[in-house]
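Listing of model_7.cif; format and content: mmCIF, C-alpha atoms and all ligand atoms.
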```cif
data_run
#
loop_
_atom_site.label_atom_id
_atom_site.label_comp_id
_atom_site.auth_asym_id
_atom_site.auth_seq_id
_atom_site.Cartn_x
_atom_site.Cartn_y
_atom_site.Cartn_z
CA MET A 1 16.40 8.65 13.57
CA SER A 2 16.66 5.47 15.64
CA GLU A 3 16.93 2.05 14.05
CA ASN A 4 16.73 -1.12 16.09
CA SER A 5 19.61 -3.25 14.83
CA ALA A 6 18.54 -6.29 16.90
CA PHE A 7 15.25 -6.57 15.02
CA ASP A 8 15.45 -8.99 12.07
CA LEU A 9 13.16 -7.31 9.54
CA LYS A 10 13.94 -9.81 6.78
CA LYS A 11 12.85 -12.74 8.91
CA TYR A 12 9.83 -10.84 10.24
CA SER A 13 8.69 -9.82 6.72
CA ARG A 14 9.18 -13.33 5.33
CA GLN A 15 7.15 -14.89 8.16
CA ARG A 16 4.32 -12.36 8.09
CA ALA A 17 4.12 -12.33 4.27
CA LYS A 18 3.79 -16.12 4.33
CA GLN A 19 1.04 -15.90 6.93
CA VAL A 20 -0.89 -13.29 4.95
CA ASP A 21 -0.52 -15.35 1.76
CA THR A 22 -1.93 -18.41 3.50
CA ALA A 23 -4.88 -16.41 4.85
CA LEU A 24 -5.58 -14.79 1.47
CA GLY A 25 -5.48 -18.24 -0.10
CA HIS A 26 -8.23 -19.35 2.30
CA TYR A 27 -10.34 -16.21 2.00
CA LEU A 28 -10.41 -16.12 -1.80
CA PRO A 29 -12.63 -18.46 -3.85
CA THR A 30 -10.52 -21.25 -5.37
CA ALA A 31 -9.25 -20.90 -8.94
CA ARG A 32 -11.77 -23.55 -9.98
CA THR A 33 -14.79 -21.72 -8.56
CA LYS A 34 -17.10 -20.49 -11.31
CA PRO A 35 -16.46 -18.20 -13.11
CA ALA A 36 -13.02 -19.79 -13.11
CA THR A 37 -11.38 -17.20 -15.40
CA LEU A 38 -12.31 -14.43 -13.00
CA HIS A 39 -11.05 -16.25 -9.91
CA GLN A 40 -7.85 -17.22 -11.72
CA ALA A 41 -7.32 -13.57 -12.69
CA MET A 42 -7.88 -12.43 -9.09
CA ARG A 43 -5.35 -14.96 -7.83
CA TYR A 44 -2.92 -14.21 -10.68
CA SER A 45 -2.52 -10.60 -9.53
CA LEU A 46 -2.82 -11.24 -5.80
CA PHE A 47 -0.16 -13.96 -5.73
CA ALA A 48 2.25 -12.36 -8.19
CA GLY A 49 4.92 -11.60 -5.60
CA GLY A 50 3.99 -8.17 -4.22
CA LYS A 51 6.04 -6.94 -1.28
CA ARG A 52 3.01 -7.03 1.08
CA ILE A 53 4.05 -3.69 2.60
CA ARG A 54 0.51 -2.74 3.62
CA PRO A 55 -0.28 -5.97 5.51
CA LEU A 56 3.17 -5.77 7.15
CA LEU A 57 2.30 -2.28 8.35
CA THR A 58 -1.02 -3.52 9.71
CA PHE A 59 0.69 -6.30 11.68
CA ALA A 60 3.48 -4.03 12.90
CA ALA A 61 0.97 -1.44 14.11
CA ALA A 62 -1.11 -4.10 15.86
CA GLU A 63 2.02 -5.43 17.58
CA ALA A 64 3.01 -1.92 18.70
CA CYS A 65 -0.36 -1.83 20.50
CA ALA A 66 0.07 -5.35 21.96
CA GLY A 67 -2.52 -6.79 19.57
CA LYS A 68 -2.90 -10.33 18.27
CA LEU A 69 -1.94 -11.44 14.77
CA GLY A 70 -5.26 -13.24 14.30
CA ASP A 71 -7.23 -10.07 15.04
CA ALA A 72 -5.20 -8.05 12.53
CA MET A 73 -5.25 -10.72 9.80
CA PRO A 74 -8.63 -10.02 8.10
CA LEU A 75 -7.83 -6.30 7.95
CA ALA A 76 -4.31 -6.94 6.63
CA CYS A 77 -5.79 -9.15 3.89
CA ALA A 78 -8.46 -6.55 3.08
CA VAL A 79 -5.91 -3.75 2.51
CA GLU A 80 -3.82 -6.03 0.26
CA CYS A 81 -6.93 -6.84 -1.83
CA ILE A 82 -7.69 -3.12 -2.23
CA HIS A 83 -4.07 -2.39 -3.12
CA THR A 84 -3.98 -5.18 -5.72
CA TYR A 85 -7.26 -4.00 -7.26
CA SER A 86 -5.79 -0.49 -7.57
CA LEU A 87 -2.72 -1.87 -9.38
CA VAL A 88 -4.80 -3.98 -11.79
CA HIS A 89 -6.94 -0.96 -12.71
CA ASP A 90 -3.99 1.44 -12.75
CA ASP A 91 -2.28 -0.75 -15.37
CA LEU A 92 -5.28 -0.73 -17.77
CA PRO A 93 -4.84 0.83 -21.22
CA SER A 94 -7.22 3.66 -20.26
CA MET A 95 -5.17 4.40 -17.12
CA ASP A 96 -1.37 4.04 -16.95
CA ASP A 97 -1.33 1.50 -19.80
CA ASP A 98 1.32 -0.88 -18.49
CA ASP A 99 2.34 -4.33 -19.69
CA PHE A 100 4.41 -5.42 -16.71
CA ARG A 101 3.66 -5.62 -12.98
CA ARG A 102 5.07 -7.61 -10.07
CA GLY A 103 7.52 -9.18 -12.49
CA ARG A 104 4.92 -10.55 -14.90
CA PRO A 105 2.59 -9.44 -17.69
CA THR A 106 -0.28 -7.31 -16.37
CA SER A 107 -3.75 -8.78 -15.88
CA HIS A 108 -5.27 -7.32 -19.05
CA LYS A 109 -2.34 -8.66 -21.10
CA VAL A 110 -3.08 -12.19 -19.88
CA TYR A 111 -6.87 -12.21 -19.43
CA GLY A 112 -8.02 -9.34 -21.66
CA GLU A 113 -9.29 -5.95 -20.60
CA GLY A 114 -12.82 -7.02 -19.65
CA ILE A 115 -11.73 -9.73 -17.22
CA ALA A 116 -8.98 -7.47 -15.78
CA ILE A 117 -11.56 -4.77 -14.98
CA LEU A 118 -13.85 -7.36 -13.40
CA ALA A 119 -10.99 -9.00 -11.46
CA GLY A 120 -10.16 -5.55 -10.02
CA ASP A 121 -13.82 -4.98 -9.13
CA ALA A 122 -14.01 -8.41 -7.51
CA LEU A 123 -10.82 -7.85 -5.48
CA LEU A 124 -12.21 -4.56 -4.18
CA THR A 125 -15.48 -6.21 -3.20
CA GLN A 126 -13.63 -9.18 -1.70
CA ALA A 127 -11.79 -6.78 0.61
CA PHE A 128 -15.03 -5.85 2.34
CA GLU A 129 -16.19 -9.46 2.65
CA ILE A 130 -12.90 -10.27 4.39
CA ALA A 131 -12.93 -7.14 6.56
CA ALA A 132 -16.42 -8.03 7.75
CA LYS A 133 -14.85 -11.09 9.43
CA ALA A 134 -12.66 -8.90 11.66
CA ARG A 135 -13.57 -8.64 15.29
CA GLY A 136 -15.02 -5.37 16.52
CA TRP A 137 -14.28 -3.65 19.83
CA SER A 138 -16.24 -1.16 21.88
CA ARG A 139 -13.96 1.62 20.60
CA TYR A 140 -13.83 0.32 17.03
CA ARG A 141 -17.04 -1.35 16.01
CA HIS A 142 -17.47 -3.15 12.67
CA ALA A 143 -19.04 -0.03 11.16
CA THR A 144 -15.93 1.98 12.07
CA LEU A 145 -13.58 -0.55 10.46
CA ILE A 146 -15.63 -0.73 7.27
CA ALA A 147 -15.98 3.07 7.08
CA GLU A 148 -12.20 3.35 7.41
CA LEU A 149 -11.79 1.16 4.32
CA THR A 150 -14.58 2.77 2.26
CA GLU A 151 -13.33 6.30 2.94
CA THR A 152 -9.80 5.27 2.01
CA ALA A 153 -10.75 3.49 -1.21
CA GLY A 154 -13.45 5.97 -2.18
CA SER A 155 -13.97 9.01 -4.36
CA ARG A 156 -12.32 11.49 -1.99
CA GLN A 157 -9.12 9.52 -1.36
CA LEU A 158 -7.67 6.68 -3.47
CA ILE A 159 -9.82 7.34 -6.54
CA ALA A 160 -9.45 11.13 -6.14
CA GLY A 161 -5.67 10.63 -6.26
CA GLN A 162 -5.97 8.62 -9.44
CA VAL A 163 -8.23 11.25 -11.03
CA ALA A 164 -5.78 14.03 -10.17
CA ASP A 165 -2.91 11.89 -11.47
CA LEU A 166 -4.71 11.31 -14.77
CA GLU A 167 -5.73 14.95 -15.14
CA GLY A 168 -2.24 16.15 -14.21
CA GLU A 169 -0.47 14.23 -16.99
CA SER A 170 1.64 16.47 -19.24
CA LYS A 171 0.87 19.45 -17.01
CA GLN A 172 3.29 21.47 -14.89
CA LEU A 173 2.01 20.84 -11.37
CA THR A 174 2.77 22.90 -8.28
CA PHE A 175 4.08 21.31 -5.05
CA PRO A 176 0.66 21.50 -3.34
CA GLN A 177 -0.94 19.77 -6.35
CA LEU A 178 1.70 17.04 -6.30
CA ARG A 179 1.28 16.62 -2.54
CA TYR A 180 -2.52 16.32 -3.03
CA ILE A 181 -1.95 13.43 -5.47
CA HIS A 182 0.58 11.65 -3.23
CA GLU A 183 -1.63 11.97 -0.15
CA ARG A 184 -4.53 10.31 -1.89
CA LYS A 185 -3.03 7.91 -4.41
CA THR A 186 -0.49 6.42 -2.00
CA SER A 187 -0.37 7.74 1.55
CA THR A 188 -4.05 7.17 2.30
CA LEU A 189 -3.86 3.35 1.97
CA LEU A 190 -0.63 3.12 3.99
CA THR A 191 -2.21 5.29 6.70
CA CYS A 192 -5.33 3.13 6.66
CA SER A 193 -3.16 0.00 6.97
CA VAL A 194 -1.49 1.15 10.19
CA ARG A 195 -4.70 2.64 11.61
CA LEU A 196 -6.55 -0.65 11.07
CA GLY A 197 -3.67 -2.51 12.73
CA GLY A 198 -4.06 -0.26 15.76
CA MET A 199 -7.84 -0.62 15.74
CA SER A 200 -7.56 -4.42 15.58
CA ALA A 201 -5.67 -4.14 18.89
CA ASN A 202 -8.25 -1.79 20.44
CA CYS A 203 -5.59 0.93 20.57
CA THR A 204 -5.97 4.09 22.64
CA PRO A 205 -6.87 7.41 20.94
CA THR A 206 -3.29 8.61 21.58
CA GLN A 207 -1.89 5.51 19.86
CA LEU A 208 -4.28 5.95 16.92
CA LYS A 209 -3.19 9.57 16.49
CA ALA A 210 0.47 8.52 16.51
CA LEU A 211 -0.18 5.75 13.98
CA THR A 212 -2.06 8.15 11.70
CA ASP A 213 0.82 10.63 11.80
CA PHE A 214 3.32 7.81 11.16
CA GLY A 215 1.30 6.35 8.25
CA TYR A 216 0.80 9.74 6.61
CA HIS A 217 4.53 10.55 6.53
CA VAL A 218 5.69 7.04 5.64
CA GLY A 219 3.08 7.04 2.86
CA LEU A 220 4.34 10.31 1.40
CA ALA A 221 7.96 9.13 1.64
CA PHE A 222 6.92 5.87 -0.08
CA GLN A 223 5.68 7.71 -3.18
CA VAL A 224 8.73 10.02 -3.36
CA ILE A 225 10.96 6.92 -3.24
CA ASP A 226 8.74 5.22 -5.84
CA ASP A 227 9.29 8.19 -8.16
CA ILE A 228 13.06 8.09 -7.51
CA LEU A 229 13.21 4.34 -8.25
CA ASP A 230 11.31 4.88 -11.50
CA VAL A 231 14.30 6.96 -12.67
CA THR A 232 17.18 5.05 -11.08
CA GLN A 233 16.24 1.35 -11.38
CA THR A 234 15.69 -1.02 -14.28
CA THR A 235 12.43 -2.73 -15.24
CA GLN A 236 13.91 -6.03 -14.10
CA GLN A 237 14.85 -4.64 -10.69
CA LEU A 238 11.42 -3.05 -10.20
CA GLY A 239 9.24 -5.83 -11.63
CA LYS A 240 7.32 -3.03 -13.38
CA THR A 241 8.18 -0.77 -16.30
CA ALA A 242 10.93 1.69 -15.35
CA GLY A 243 11.14 5.21 -16.78
CA LYS A 244 7.36 5.37 -17.09
CA ASP A 245 6.93 8.75 -15.38
CA GLN A 246 9.24 10.61 -17.74
CA ALA A 247 7.77 8.86 -20.78
CA SER A 248 4.25 9.95 -19.80
CA ALA A 249 5.45 13.43 -18.70
CA LYS A 250 4.16 12.81 -15.18
CA ALA A 251 4.79 15.35 -12.45
CA THR A 252 7.09 13.79 -9.83
CA TYR A 253 9.51 15.08 -7.19
CA PRO A 254 12.57 14.10 -9.30
CA ALA A 255 11.08 16.00 -12.26
CA LEU A 256 10.33 19.06 -10.11
CA VAL A 257 13.40 19.27 -7.88
CA GLY A 258 15.88 16.64 -9.12
CA LEU A 259 17.09 13.38 -7.57
CA GLU A 260 19.24 14.69 -4.71
CA LYS A 261 16.60 17.07 -3.35
CA SER A 262 13.96 14.31 -3.71
CA LYS A 263 16.10 11.95 -1.59
CA LYS A 264 16.39 14.68 1.07
CA ILE A 265 12.61 15.14 1.07
CA ALA A 266 12.09 11.37 1.49
CA GLU A 267 14.57 11.38 4.43
CA GLN A 268 12.79 14.32 6.07
CA LEU A 269 9.39 12.65 5.71
CA THR A 270 10.78 9.41 7.18
CA ALA A 271 12.28 11.36 10.10
CA LYS A 272 8.80 12.77 10.79
CA ALA A 273 7.38 9.24 10.68
CA PHE A 274 9.95 8.11 13.27
CA ALA A 275 9.15 11.10 15.45
CA ALA A 276 5.44 10.18 15.36
CA LEU A 277 6.26 6.89 17.10
CA LYS A 278 7.47 8.61 20.28
CA PRO A 279 4.35 7.71 22.32
CA PHE A 280 5.23 4.01 21.84
CA LYS A 281 8.46 4.56 23.81
CA GLY A 282 10.54 2.16 21.68
CA LYS A 283 7.86 -0.57 21.52
CA ALA A 284 6.99 0.04 17.86
CA ILE A 285 10.10 -1.86 16.74
CA ALA A 286 8.63 -3.42 13.59
CA LEU A 287 7.16 -0.08 12.46
CA GLU A 288 10.53 1.62 12.95
CA ALA A 289 12.31 -1.11 11.01
CA LEU A 290 9.76 -0.94 8.18
CA ALA A 291 10.08 2.84 7.86
CA GLY A 292 13.88 2.47 7.69
CA TYR A 293 13.60 -0.23 5.04
CA LEU A 294 11.07 1.72 2.94
CA LEU A 295 13.48 4.64 2.69
CA LYS A 296 16.31 2.42 1.47
CA ARG A 297 14.34 -0.02 -0.67
CA LYS A 298 15.50 -0.76 -4.20
CA ASN A 299 12.21 -2.04 -5.66
C1 LIG A 301 -11.25 3.22 -10.14
C2 LIG A 301 -10.58 2.64 -12.52
C3 LIG A 301 -10.20 2.95 -11.13
C4 LIG A 301 -8.90 2.96 -10.79
C5 LIG A 301 -8.43 3.23 -9.46
C6 LIG A 301 -6.97 4.01 -7.21
C7 LIG A 301 -6.28 3.42 -8.36
C8 LIG A 301 -7.04 2.82 -9.47
C9 LIG A 301 -4.98 3.36 -8.46
C10 LIG A 301 -4.09 3.87 -7.39
C11 LIG A 301 -2.92 4.50 -7.99
C12 LIG A 301 -1.66 3.79 -7.69
C13 LIG A 301 -1.37 2.53 -8.40
C14 LIG A 301 -0.83 4.37 -6.85
C15 LIG A 301 0.56 3.96 -6.68
C16 LIG A 301 0.88 3.46 -5.33
C17 LIG A 301 2.14 2.63 -5.45
C18 LIG A 301 3.43 3.33 -5.44
C19 LIG A 301 2.03 1.32 -5.61
C20 LIG A 301 3.16 0.34 -5.63
O1 LIG A 301 3.15 -0.31 -4.39
P1 LIG A 301 4.21 -1.45 -4.00
O2 LIG A 301 5.58 -1.01 -4.40
O3 LIG A 301 3.74 -2.63 -4.95
O4 LIG A 301 4.00 -1.79 -2.57
P2 LIG A 301 3.77 -4.22 -4.71
O5 LIG A 301 3.59 -4.80 -6.09
O6 LIG A 301 5.09 -4.60 -4.10
O7 LIG A 301 2.61 -4.54 -3.81
#
```
Using structure tokens, write down the structure from this file.
Ligand code: GRG
Amino acid sequence: MSENSAFDLKKYSRQRAKQVDTALGHYLPTARTKPATLHQAMRYSLFAGGKRIRPLLTFAAAEACAGKLGDAMPLACAVECIHTYSLVHDDLPSMDDDDFRRGRPTSHKVYGEGIAILAGDALLTQAFEIAAKARGWSRYRHATLIAELTETAGSRQLIAGQVADLEGESKQLTFPQLRYIHERKTSTLLTCSVRLGGMSANCTPTQLKALTDFGYHVGLAFQVIDDILDVTQTTQQLGKTAGKDQASAKATYPALVGLEKSKKIAEQLTAKAFAALKPFKGKAIALEALAGYLLKRKN
């Protein structure tokens, strides 16, 4: 596993996160736009201090393919809107029923359940309005970019993962069933984020294949780590309720194989993600640094 020590990931993440926040601020209707409650709720969740991992992956993938930040920006903002919508809906009483997210009370706790549902709907829809502003290429036309997002967010991927997660509660799941959930609930949006970054840079088919392989494995590792952190960190450290998985008898890697084996699995998945970057011959520095950080993250 190679890590580029010269690359300042902290500085890079801070800069890019600021840039994506500024762009999101411009793309979204102002908090005063009617209906103001709805737009305030959208902004409340979007600007609550998320780590912006998905946009960072989009930018890093674009840069690995010599793309421009401006071309990746609408797609980076779109994936963050979809991600935030999924969190708002995931926290609803009928879903994971959580009171705390991104270090503050969840949307439905502040705005009520009706507005939280609608704010999630509006964030999902907003994603496509923003993505439509991205530039298309001969290899990746607008229709391709939009299809990438709809397939990812749709009934066979993100929502399928959530359905399987809900239906799997309090059940003893097998490894393939757990993998099915992780692929769809988490890995699919991370994979989409890097693929769109590559597409924004008119990447070659070989580059797109490498990015897909990278995103898939980083995405799986991300969820294994998320499950580990749920057991090992506090609510304050996470900015969301800790110990939730055990309390709701959710199937996770730590529950199935214990903490140590789960850490090994996350390391193996990350090693596969690094290996996928071989075709970039050391030029995917930001992606490498992000994969290294995601394995060691504490929140
Ligand atoms: C259609 C009603 C309805 C709901 C769909 C698809 C969906 C809701 C929820 C997705 C399930 C989900 C929340 C998966 C977990 C992925 C995950 C580990 C998210 C946390 O990501 P971080 O740590 O969060 O990047 P921040 O807050 O930093 O952005």
7 Å from ligand LIG 301 (chain A) is the threshold here; counting only C-alpha atoms and all ligand atoms, which polymer residues fall inside it? Answer as a compact mmCIF listing (two decimals) with C-alpha atoms, in the frame of the given file.
```txt
# COMPACT_ATOMS: atom_id res chain seq x y z
CA GLY A 49 4.92 -11.60 -5.60
CA GLY A 50 3.99 -8.17 -4.22
CA LYS A 51 6.04 -6.94 -1.28
CA ARG A 52 3.01 -7.03 1.08
CA ILE A 53 4.05 -3.69 2.60
CA THR A 84 -3.98 -5.18 -5.72
CA SER A 86 -5.79 -0.49 -7.57
CA LEU A 87 -2.72 -1.87 -9.38
CA HIS A 89 -6.94 -0.96 -12.71
CA ASP A 90 -3.99 1.44 -12.75
CA ARG A 101 3.66 -5.62 -12.98
CA ARG A 102 5.07 -7.61 -10.07
CA LEU A 158 -7.67 6.68 -3.47
CA ILE A 159 -9.82 7.34 -6.54
CA GLY A 161 -5.67 10.63 -6.26
CA GLN A 162 -5.97 8.62 -9.44
CA LYS A 185 -3.03 7.91 -4.41
CA THR A 186 -0.49 6.42 -2.00
CA PHE A 222 6.92 5.87 -0.08
CA GLN A 223 5.68 7.71 -3.18
CA ASP A 226 8.74 5.22 -5.84
CA ASN A 299 12.21 -2.04 -5.66
```
Hey, can you check how far CA of Tyr140 in chain A sits from CA of Met199 in chain A?
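These atoms are spaced 6.2 Å apart.
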Using 5 Å of padding on each side, determine the axis-aligned box around all atoms of range 128-138 of chain A present in the file and give its centre and edge lengths in Å to one decimal, as AutoDock Vina command-line options.
```
--center_x -14.5 --center_y -6.1 --center_z 12.1 --size_x 13.8 --size_y 19.9 --size_z 29.5
```
At a cut-off of 8 Å, using only C-alpha atoms, what residues contact range 103-112 of chain A? Leave out same-chain residues fewer than 2 positions from it and give the result as an MDAnalysis selection string.
chainID A and resid 37 41 44:45 48:49 88 91:92 98:101 114:117 236 238:240
Residues from the last selection, C-alpha atoms, saved as a PDB file, in the coordinates of the input:
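Written output follows (again.pdb):
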```pdb
ATOM      1  CA  THR A  37     -11.380 -17.200 -15.400  1.00  0.00           C
ATOM      2  CA  ALA A  41      -7.320 -13.570 -12.690  1.00  0.00           C
ATOM      3  CA  TYR A  44      -2.920 -14.210 -10.680  1.00  0.00           C
ATOM      4  CA  SER A  45      -2.520 -10.600  -9.530  1.00  0.00           C
ATOM      5  CA  ALA A  48       2.250 -12.360  -8.190  1.00  0.00           C
ATOM      6  CA  GLY A  49       4.920 -11.600  -5.600  1.00  0.00           C
ATOM      7  CA  VAL A  88      -4.800  -3.980 -11.790  1.00  0.00           C
ATOM      8  CA  ASP A  91      -2.280  -0.750 -15.370  1.00  0.00           C
ATOM      9  CA  LEU A  92      -5.280  -0.730 -17.770  1.00  0.00           C
ATOM     10  CA  ASP A  98       1.320  -0.880 -18.490  1.00  0.00           C
ATOM     11  CA  ASP A  99       2.340  -4.330 -19.690  1.00  0.00           C
ATOM     12  CA  PHE A 100       4.410  -5.420 -16.710  1.00  0.00           C
ATOM     13  CA  ARG A 101       3.660  -5.620 -12.980  1.00  0.00           C
ATOM     14  CA  GLY A 114     -12.820  -7.020 -19.650  1.00  0.00           C
ATOM     15  CA  ILE A 115     -11.730  -9.730 -17.220  1.00  0.00           C
ATOM     16  CA  ALA A 116      -8.980  -7.470 -15.780  1.00  0.00           C
ATOM     17  CA  ILE A 117     -11.560  -4.770 -14.980  1.00  0.00           C
ATOM     18  CA  GLN A 236      13.910  -6.030 -14.100  1.00  0.00           C
ATOM     19  CA  LEU A 238      11.420  -3.050 -10.200  1.00  0.00           C
ATOM     20  CA  GLY A 239       9.240  -5.830 -11.630  1.00  0.00           C
ATOM     21  CA  LYS A 240       7.320  -3.030 -13.380  1.00  0.00           C
TER      22      LYS A 240
END
```
Long-range neighbours of Tyr253 in chain A as an MDAnalysis selection string, 8 Å cut-off, only C-alpha atoms, 6 positions minimum in chain
chainID A and resid 224 227:228 259 262
Have a look at A:Ile82, A:Leu38, A:Leu56, A:Ala164 and name the one nearest to Tyr293 in chain A; count all atoms listed in the file.
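Residue with the minimum atom-to-atom distance to Tyr293 in chain A: A:Leu56.
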For the atom pair CA of Val163 in chain A and CA of Glu183 in chain A, what is the interatomic distance in Å to one decimal place?
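CA of Val163 in chain A sits 12.7 Å away from CA of Glu183 in chain A.
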Expressed in Å to a single decimal, how great is the separation between CA of Leu190 in chain A and CA of Ser248 in chain A?
25.2 Å
Which residue is closest to Ala221 in chain A? Choose from A:Cys192, A:Ala247, A:Ala273, A:Ala266 and count all atoms listed in the file.
A:Ala266
Looking at only C-alpha atoms, which of A:Arg141, A:Lys171, A:Lys18, A:Lys283 is the one that sits closest to Ala255 in chain A?
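Answer, going by the shortest atom-to-atom distance: A:Lys171.
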Shell of 12 Å around Leu269 in chain A, only C-alpha atoms, local chain residues under 6 positions omitted, as a PyMOL selection string
chain A and resi 1+187+213-225+262-263+275-276+291-292+294-295
Expected file contents, prior selection, C-alpha atoms, as an mmCIF file, keeping the file's coordinate frame:
```cif
data_model
loop_
_atom_site.group_PDB
_atom_site.id
_atom_site.type_symbol
_atom_site.label_atom_id
_atom_site.label_comp_id
_atom_site.auth_asym_id
_atom_site.auth_seq_id
_atom_site.Cartn_x
_atom_site.Cartn_y
_atom_site.Cartn_z
ATOM 1 C CA MET A 1 16.400 8.650 13.570
ATOM 2 C CA SER A 187 -0.370 7.740 1.550
ATOM 3 C CA ASP A 213 0.820 10.630 11.800
ATOM 4 C CA PHE A 214 3.320 7.810 11.160
ATOM 5 C CA GLY A 215 1.300 6.350 8.250
ATOM 6 C CA TYR A 216 0.800 9.740 6.610
ATOM 7 C CA HIS A 217 4.530 10.550 6.530
ATOM 8 C CA VAL A 218 5.690 7.040 5.640
ATOM 9 C CA GLY A 219 3.080 7.040 2.860
ATOM 10 C CA LEU A 220 4.340 10.310 1.400
ATOM 11 C CA ALA A 221 7.960 9.130 1.640
ATOM 12 C CA PHE A 222 6.920 5.870 -0.080
ATOM 13 C CA GLN A 223 5.680 7.710 -3.180
ATOM 14 C CA VAL A 224 8.730 10.020 -3.360
ATOM 15 C CA ILE A 225 10.960 6.920 -3.240
ATOM 16 C CA SER A 262 13.960 14.310 -3.710
ATOM 17 C CA LYS A 263 16.100 11.950 -1.590
ATOM 18 C CA ALA A 275 9.150 11.100 15.450
ATOM 19 C CA ALA A 276 5.440 10.180 15.360
ATOM 20 C CA ALA A 291 10.080 2.840 7.860
ATOM 21 C CA GLY A 292 13.880 2.470 7.690
ATOM 22 C CA LEU A 294 11.070 1.720 2.940
ATOM 23 C CA LEU A 295 13.480 4.640 2.690
#
```
